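Q: Just so it is clear, I am handing over target30.csv, which has CSV, C-alpha atoms.
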```
chain,number,residue,atom,x,y,z
H,1,MET,CA,-62.7,-2.7,-23.0
H,2,ALA,CA,-66.1,-2.1,-24.5
H,3,ASP,CA,-67.6,1.4,-24.3
H,4,PHE,CA,-71.3,1.2,-23.4
H,5,ARG,CA,-71.9,5.0,-23.2
H,6,SER,CA,-74.0,4.9,-26.4
H,7,GLU,CA,-76.2,2.1,-25.0
H,8,ARG,CA,-77.1,3.7,-21.7
H,9,MET,CA,-79.7,2.2,-19.4
H,10,PRO,CA,-82.5,4.4,-18.0
H,11,SER,CA,-80.6,4.7,-14.7
H,12,PRO,CA,-77.7,3.0,-12.9
H,13,GLU,CA,-80.3,0.6,-11.7
H,14,GLY,CA,-80.9,-0.6,-15.3
H,15,GLU,CA,-84.6,-1.2,-15.6
H,16,GLY,CA,-85.0,-1.4,-11.8
H,17,ARG,CA,-86.2,-5.0,-11.7
H,18,ALA,CA,-83.8,-6.1,-9.0
H,19,LYS,CA,-84.4,-3.0,-6.9
H,20,SER,CA,-88.2,-3.3,-7.1
H,21,ALA,CA,-88.0,-7.0,-6.1
H,22,ILE,CA,-85.7,-6.5,-3.2
H,23,GLU,CA,-87.6,-3.5,-1.9
H,24,SER,CA,-90.8,-5.5,-1.9
H,25,ALA,CA,-89.2,-8.4,-0.2
H,26,TYR,CA,-87.4,-6.3,2.4
H,27,GLU,CA,-90.6,-4.4,3.2
H,28,THR,CA,-92.3,-7.7,4.0
H,29,TYR,CA,-89.3,-8.8,6.1
H,30,TYR,CA,-89.0,-5.5,7.9
H,31,LYS,CA,-92.7,-5.5,8.9
H,32,ALA,CA,-92.4,-9.0,10.3
H,33,ASN,CA,-89.3,-8.2,12.3
H,34,ARG,CA,-89.9,-4.5,13.1
H,35,SER,CA,-89.9,-4.9,16.9
H,36,VAL,CA,-86.6,-6.7,17.0
H,37,ASN,CA,-84.9,-4.4,14.5
H,38,LYS,CA,-86.1,-1.3,16.4
H,39,ARG,CA,-84.7,-2.5,19.7
H,40,ILE,CA,-81.3,-3.5,18.2
H,41,PHE,CA,-80.8,-0.4,16.2
H,42,GLY,CA,-82.3,1.8,18.9
H,43,ALA,CA,-79.7,0.5,21.4
H,44,PHE,CA,-76.9,0.7,18.9
H,45,PRO,CA,-77.7,3.3,16.3
H,46,GLU,CA,-74.2,3.3,14.8
H,47,LEU,CA,-74.3,-0.5,14.4
H,48,ARG,CA,-76.0,-0.3,11.0
H,49,ASP,CA,-73.6,2.1,9.5
H,50,MET,CA,-70.5,0.5,11.1
H,51,LEU,CA,-71.3,-3.0,9.7
H,52,ARG,CA,-72.8,-2.0,6.4
H,53,GLY,CA,-69.6,-1.6,4.4
H,54,TYR,CA,-67.8,-4.6,5.9
H,55,ALA,CA,-70.8,-6.9,5.7
H,56,GLY,CA,-71.8,-5.8,2.2
H,57,ALA,CA,-68.3,-6.4,0.8
H,58,LYS,CA,-68.0,-9.8,2.6
H,59,LEU,CA,-71.4,-10.9,1.4
H,60,LEU,CA,-70.6,-9.9,-2.2
H,61,ASP,CA,-67.4,-11.8,-2.1
H,62,LEU,CA,-69.0,-14.9,-0.5
H,63,PHE,CA,-72.0,-15.0,-2.8
H,64,GLY,CA,-69.8,-14.5,-5.8
H,65,PHE,CA,-67.6,-17.3,-4.7
H,66,TRP,CA,-70.7,-19.6,-4.2
H,67,LEU,CA,-72.1,-18.6,-7.7
H,68,ILE,CA,-68.7,-19.4,-9.3
H,69,TRP,CA,-68.5,-22.7,-7.4
H,70,GLN,CA,-71.9,-23.7,-8.7
H,71,THR,CA,-71.5,-22.6,-12.3
H,72,CYS,CA,-67.9,-23.8,-12.7
H,73,GLY,CA,-68.4,-27.2,-11.0
H,74,GLY,CA,-66.6,-27.4,-7.7
H,75,PHE,CA,-63.2,-27.0,-6.2
H,76,GLU,CA,-60.8,-27.5,-9.1
H,77,ASN,CA,-62.8,-25.8,-11.8
H,78,THR,CA,-63.5,-22.8,-9.5
H,79,ARG,CA,-59.8,-22.6,-8.6
H,80,LYS,CA,-58.9,-22.5,-12.2
H,81,ALA,CA,-61.6,-19.9,-13.1
H,82,LEU,CA,-60.4,-17.6,-10.3
H,83,GLY,CA,-56.8,-18.3,-10.9
H,84,ILE,CA,-56.0,-19.0,-7.2
H,85,SER,CA,-54.0,-21.5,-5.3
H,86,LYS,CA,-55.4,-24.5,-3.4
H,87,SER,CA,-54.6,-22.8,0.0
H,88,GLN,CA,-56.6,-19.7,-1.1
H,89,MET,CA,-59.5,-22.0,-2.1
H,90,TYR,CA,-59.4,-23.6,1.3
H,91,ARG,CA,-59.5,-20.2,3.0
H,92,ARG,CA,-62.5,-19.1,0.9
H,93,ILE,CA,-64.3,-22.4,1.8
H,94,ALA,CA,-63.6,-21.9,5.5
H,95,LEU,CA,-64.9,-18.3,5.3
H,96,PHE,CA,-68.0,-19.5,3.5
H,97,ARG,CA,-68.6,-22.2,6.1
H,98,GLU,CA,-68.0,-19.8,8.9
H,99,ALA,CA,-70.6,-17.3,7.5
H,100,PHE,CA,-73.3,-19.8,6.3
H,101,GLY,CA,-72.6,-22.9,8.3
H,102,GLU,CA,-72.3,-25.1,5.2
H,103,HIS,CA,-69.9,-26.0,2.5
H,104,PRO,CA,-70.5,-24.1,-0.8
H,105,ASP,CA,-71.2,-27.4,-2.6
H,106,VAL,CA,-74.2,-28.1,-0.5
H,107,PHE,CA,-75.4,-24.6,0.5
H,108,GLU,CA,-78.7,-23.5,-1.1
H,109,LEU,CA,-80.0,-20.0,-1.3
H,110,PRO,CA,-83.7,-19.8,-0.9
H,111,GLY,CA,-85.3,-18.4,-4.1
H,112,ILE,CA,-82.1,-18.9,-6.2
H,113,THR,CA,-81.6,-22.0,-8.4
H,114,ILE,CA,-78.5,-22.6,-10.5
H,115,ASP,CA,-78.7,-24.7,-13.7
H,116,PRO,CA,-75.0,-25.3,-14.7
H,117,ALA,CA,-76.0,-26.9,-18.0
H,118,GLU,CA,-78.1,-23.9,-19.0
H,119,PHE,CA,-75.4,-21.5,-17.8
H,120,VAL,CA,-72.7,-23.2,-20.0
H,121,ALA,CA,-75.0,-23.4,-23.0
H,122,GLY,CA,-76.0,-19.7,-22.6
H,123,MET,CA,-72.4,-18.5,-22.2
H,124,ALA,CA,-71.3,-20.5,-25.2
H,125,GLU,CA,-74.1,-18.9,-27.2
H,126,ARG,CA,-73.1,-15.4,-26.0
H,127,MET,CA,-69.4,-16.0,-26.9
H,128,LYS,CA,-70.5,-17.3,-30.3
H,129,ALA,CA,-72.7,-14.2,-30.9
H,130,LYS,CA,-69.9,-11.9,-29.7
H,131,LYS,CA,-67.4,-13.4,-32.2
H,132,GLU,CA,-69.8,-13.1,-35.0
H,133,GLY,CA,-70.9,-9.6,-34.1
```
Any chance you could put this one into structure tokens?
A:
Amino acid sequence: MADFRSERMPSPEGEGRAKSAIESAYETYYKANRSVNKRIFGAFPELRDMLRGYAGAKLLDLFGFWLIWQTCGGFENTRKALGISKSQMYRRIALFREAFGEHPDVFELPGITIDPAEFVAGMAERMKAKKEG
């Protein structure tokens, strides 16, 4: 395993690009939905904390699954990349469809585009540079 302690980032956030972008987006969202959010969390103040861990872990898993599906190229290639059985793949697809209402093959995330050809070329270049370096 590589040791990156000598190549530290300024903080655990790296350069903070993702954090800045999401904080700006969330602030806009929150302002637009403030009255609804206040009523829900006012009535159930523990709801936010109770759901945060479960929802966060589930979203991370589902978004990761979707990203791998898109970059690997569908059912069989994703199954091979994850090293899981067909029945596990069907369960993940069912969970994804339950959460997002669509199959991962047709689901699109607003603001996120995936270019599989660019991904494959970029990863090949990284692997080549890693072998040479």
Q: Can you work out the spacing between atom CA of H:Val120 and atom CA of H:Thr71 in Å, to one decimal?
A: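 Computing it gives 7.8 Å between the two atoms.
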Q: Go through H:Ala55, H:Ile22, H:Gly14, H:Trp66 and flag the residue nearest H:Thr113, using only C-alpha atoms for the distances.
A: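 With only C-alpha atoms as the atom set, the closest residue is H:Trp66.
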Q: Just give me the gap between atom CA of H:Pro116 and atom CA of H:Gly73 in Å, one decimal is fine.
A: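 Distance reported for this atom pair: 7.8 Å.
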Q: Write out as a list in words the residues lying within 9 Å of stretch 103-111 of chain H, counting only C-alpha atoms and excluding same-chain residues fewer than 4 positions away.
A: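 The residues satisfying every condition are Phe65, Trp66, Leu67, Trp69, Gln70, Gly73, Gly74, Phe75, Ile93, Ala94, Phe96 and Arg97 of chain H.
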Q: What is the distance, in Å and to one decimal place, between atom CA of H:Gln88 and atom CA of H:Ile112?
A: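 For atom CA of H:Gln88 relative to atom CA of H:Ile112, the distance reads 26.0 Å.
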Q: Would you mind telling me which residue in H:Ala32, H:Ala99, H:Ser85, H:Lys130 lies nearest to H:Leu59 when using all atoms listed in the file?
A: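 Checking each candidate against H:Leu59, we get H:Ala99 as the closest.
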Q: Between H:Glu132, H:Glu27, H:Pro12, H:Leu62, single out the one closest to H:Leu95, counting only C-alpha atoms.
A: H:Leu62
